[in-house]
Amino acid sequence: MNSILLSVSTHWRWTRAFALLLPVCLLATGCACFHKVERARQSAPQVTVLDDSFDALKKEFNADTSKPRVLALFSPTCGGCIYGAKALQHEARKLPEIVGRAEVMIVWVAMLDSDNEHEARMAARRFDFPGVAIFMTVKGESAGG
């Protein structure tokens with residue numbers, strides 16, 4: 001009989017401990033997720049929307065003619081373009097000293113029907129790395145449109 005009471009008593013202790021521990025764990029998890037969301041919002045890259053004249057891009061491109069410049073044009077919803085953006089990002093992260101010595105500019109161009117400002121901003125967020133200047137065109141201002 002004593003072993004049954006001991007077993008029930010132990011069971012209730014574990015149940016209470018779990019009941020107290022569960023809200024603490026959930027709270028901690030929620031806080032961690034909240035901080036990730038906040039960091040994601042804070043780290044959103046600066047994206048310059050280009051008008052028909054492309055003056056902002058021209059100004060950035062011509063700002064320092066002593067440095068080599070890399071100008072990459074991508075569609076935010078084209079599979080091949082996404083692959084190219086990943087390759088550029090991979091190389092830039094692998095060789096940050098080269099990015100520091102060159103001007104790197106990415107232009108998310110609305111080339112396909114599925115391209116829009118939302119997709120361009122999402123792509124800019126995914127393929128942002130130190131030292132890159134990011135631009136985008138919107139429908140009606142595309143190279144092909």
# chains A, B, ... in the order shown; residues from 1 in each chain; ligands from 1
$ residues_around --residues "Arg93 (chain A)" --least-positions-apart "4" --cutoff "9 Å" --atoms "only C-alpha atoms" --output "number ranges by chain"
A: 88-89, 99, 129-130
$ write_last_selection --atoms "C-alpha atoms" --output "PDB file, in the first residue's frame"
ATOM      1  CA  LEU A  88      26.772  35.461 -56.197  1.00  0.00           C
ATOM      2  CA  GLN A  89      25.851  35.510 -52.507  1.00  0.00           C
ATOM      3  CA  VAL A  99      33.375  42.576 -52.031  1.00  0.00           C
ATOM      4  CA  PHE A 129      25.071  40.471 -47.876  1.00  0.00           C
ATOM      5  CA  PRO A 130      27.520  43.107 -46.594  1.00  0.00           C
TER       6      PRO A 130
END
$ closest_residue --among "A:Ala102, A:Val132, A:Val138, A:Ala63" --to "Glu117 (chain A)" --atoms "only C-alpha atoms"
A:Val138
$ closest_residue --among "A:Ala133, A:Val47, A:Ala110, A:Phe54" --to "Ala72 (chain A)" --atoms "only C-alpha atoms"
A:Ala133
$ closest_residue --among "A:Val109, A:Ala92, A:Phe135, A:Glu103" --to "Thr65 (chain A)" --atoms "only C-alpha atoms"
A:Glu103
$ closest_residue --among "A:Arg69, A:His90, A:Thr48, A:Ala56" --to "Arg126 (chain A)" --atoms "only C-alpha atoms"
A:His90
$ atom_distance --atom1 "CA of Lys59 (chain A)" --atom2 "CA of Arg101 (chain A)"
18.1 Å
$ residues_around --residues "Asp128 (chain A)" --least-positions-apart "6" --cutoff "9 Å" --atoms "only C-alpha atoms" --output "PDB file with N, CA and C atoms, in the first residue's frame"
ATOM      1  N   ALA A  44      16.218  44.142 -42.525  1.00  0.00           N
ATOM      2  CA  ALA A  44      15.740  44.241 -43.902  1.00  0.00           C
ATOM      3  C   ALA A  44      16.661  45.170 -44.678  1.00  0.00           C
ATOM      4  N   PRO A  45      17.119  44.728 -45.831  1.00  0.00           N
ATOM      5  CA  PRO A  45      18.070  45.546 -46.591  1.00  0.00           C
ATOM      6  C   PRO A  45      17.417  46.805 -47.162  1.00  0.00           C
ATOM      7  N   GLN A  89      25.828  35.373 -53.960  1.00  0.00           N
ATOM      8  CA  GLN A  89      25.851  35.510 -52.507  1.00  0.00           C
ATOM      9  C   GLN A  89      26.884  34.569 -51.887  1.00  0.00           C
ATOM     10  N   ILE A 134      21.243  47.370 -53.303  1.00  0.00           N
ATOM     11  CA  ILE A 134      20.125  46.645 -53.907  1.00  0.00           C
ATOM     12  C   ILE A 134      19.116  47.628 -54.494  1.00  0.00           C
TER      13      ILE A 134
END
$ atom_distance --atom1 "CA of Ala120 (chain A)" --atom2 "CA of Val70 (chain A)"
19.0 Å
$ select_by_dssp --residues "region 27-122 of chain A" --states "strand (DSSP E)" --output "NGL selection string"
:A and (47-49 or 69-74 or 103-108)
$ residues_around --residues "Leu73 (chain A)" --least-positions-apart "6" --cutoff "9 Å" --atoms "only C-alpha atoms" --output "PyMOL selection string"
chain A and resi 81+105-109
$ closest_residue --among "A:Asn116, A:Gly80, A:Ser75, A:Gly131" --to "Glu97 (chain A)" --atoms "only C-alpha atoms"
A:Gly131
$ decode --residues "region 52-64 of chain A" --atoms "N, CA and C atoms" --output "PDB file, in the first residue's frame"
ATOM      1  N   ASP A  52      11.906  55.463 -64.105  1.00  0.00           N
ATOM      2  CA  ASP A  52      12.202  55.229 -65.522  1.00  0.00           C
ATOM      3  C   ASP A  52      13.596  55.704 -65.935  1.00  0.00           C
ATOM      4  N   SER A  53      14.154  56.669 -65.221  1.00  0.00           N
ATOM      5  CA  SER A  53      15.451  57.214 -65.605  1.00  0.00           C
ATOM      6  C   SER A  53      16.628  56.396 -65.068  1.00  0.00           C
ATOM      7  N   PHE A  54      16.388  55.571 -64.074  1.00  0.00           N
ATOM      8  CA  PHE A  54      17.437  54.760 -63.438  1.00  0.00           C
ATOM      9  C   PHE A  54      18.554  55.632 -62.854  1.00  0.00           C
ATOM     10  N   ASP A  55      18.245  56.878 -62.492  1.00  0.00           N
ATOM     11  CA  ASP A  55      19.255  57.807 -61.985  1.00  0.00           C
ATOM     12  C   ASP A  55      19.965  57.307 -60.731  1.00  0.00           C
ATOM     13  N   ALA A  56      19.227  56.690 -59.821  1.00  0.00           N
ATOM     14  CA  ALA A  56      19.852  56.202 -58.581  1.00  0.00           C
ATOM     15  C   ALA A  56      20.891  55.127 -58.883  1.00  0.00           C
ATOM     16  N   LEU A  57      20.590  54.245 -59.820  1.00  0.00           N
ATOM     17  CA  LEU A  57      21.538  53.205 -60.213  1.00  0.00           C
ATOM     18  C   LEU A  57      22.749  53.807 -60.920  1.00  0.00           C
ATOM     19  N   LYS A  58      22.506  54.754 -61.800  1.00  0.00           N
ATOM     20  CA  LYS A  58      23.616  55.424 -62.501  1.00  0.00           C
ATOM     21  C   LYS A  58      24.528  56.131 -61.512  1.00  0.00           C
ATOM     22  N   LYS A  59      23.934  56.802 -60.541  1.00  0.00           N
ATOM     23  CA  LYS A  59      24.721  57.518 -59.538  1.00  0.00           C
ATOM     24  C   LYS A  59      25.581  56.553 -58.727  1.00  0.00           C
ATOM     25  N   GLU A  60      25.003  55.450 -58.285  1.00  0.00           N
ATOM     26  CA  GLU A  60      25.757  54.437 -57.520  1.00  0.00           C
ATOM     27  C   GLU A  60      26.858  53.831 -58.368  1.00  0.00           C
ATOM     28  N   PHE A  61      26.537  53.516 -59.625  1.00  0.00           N
ATOM     29  CA  PHE A  61      27.505  52.885 -60.522  1.00  0.00           C
ATOM     30  C   PHE A  61      28.699  53.796 -60.780  1.00  0.00           C
ATOM     31  N   ASN A  62      28.449  55.083 -60.930  1.00  0.00           N
ATOM     32  CA  ASN A  62      29.514  56.032 -61.247  1.00  0.00           C
ATOM     33  C   ASN A  62      30.137  56.695 -60.021  1.00  0.00           C
ATOM     34  N   ALA A  63      29.722  56.314 -58.827  1.00  0.00           N
ATOM     35  CA  ALA A  63      30.195  56.976 -57.605  1.00  0.00           C
ATOM     36  C   ALA A  63      31.702  56.847 -57.401  1.00  0.00           C
ATOM     37  N   ASP A  64      32.260  55.686 -57.623  1.00  0.00           N
ATOM     38  CA  ASP A  64      33.698  55.487 -57.412  1.00  0.00           C
ATOM     39  C   ASP A  64      34.242  54.683 -58.587  1.00  0.00           C
TER      40      ASP A  64
END
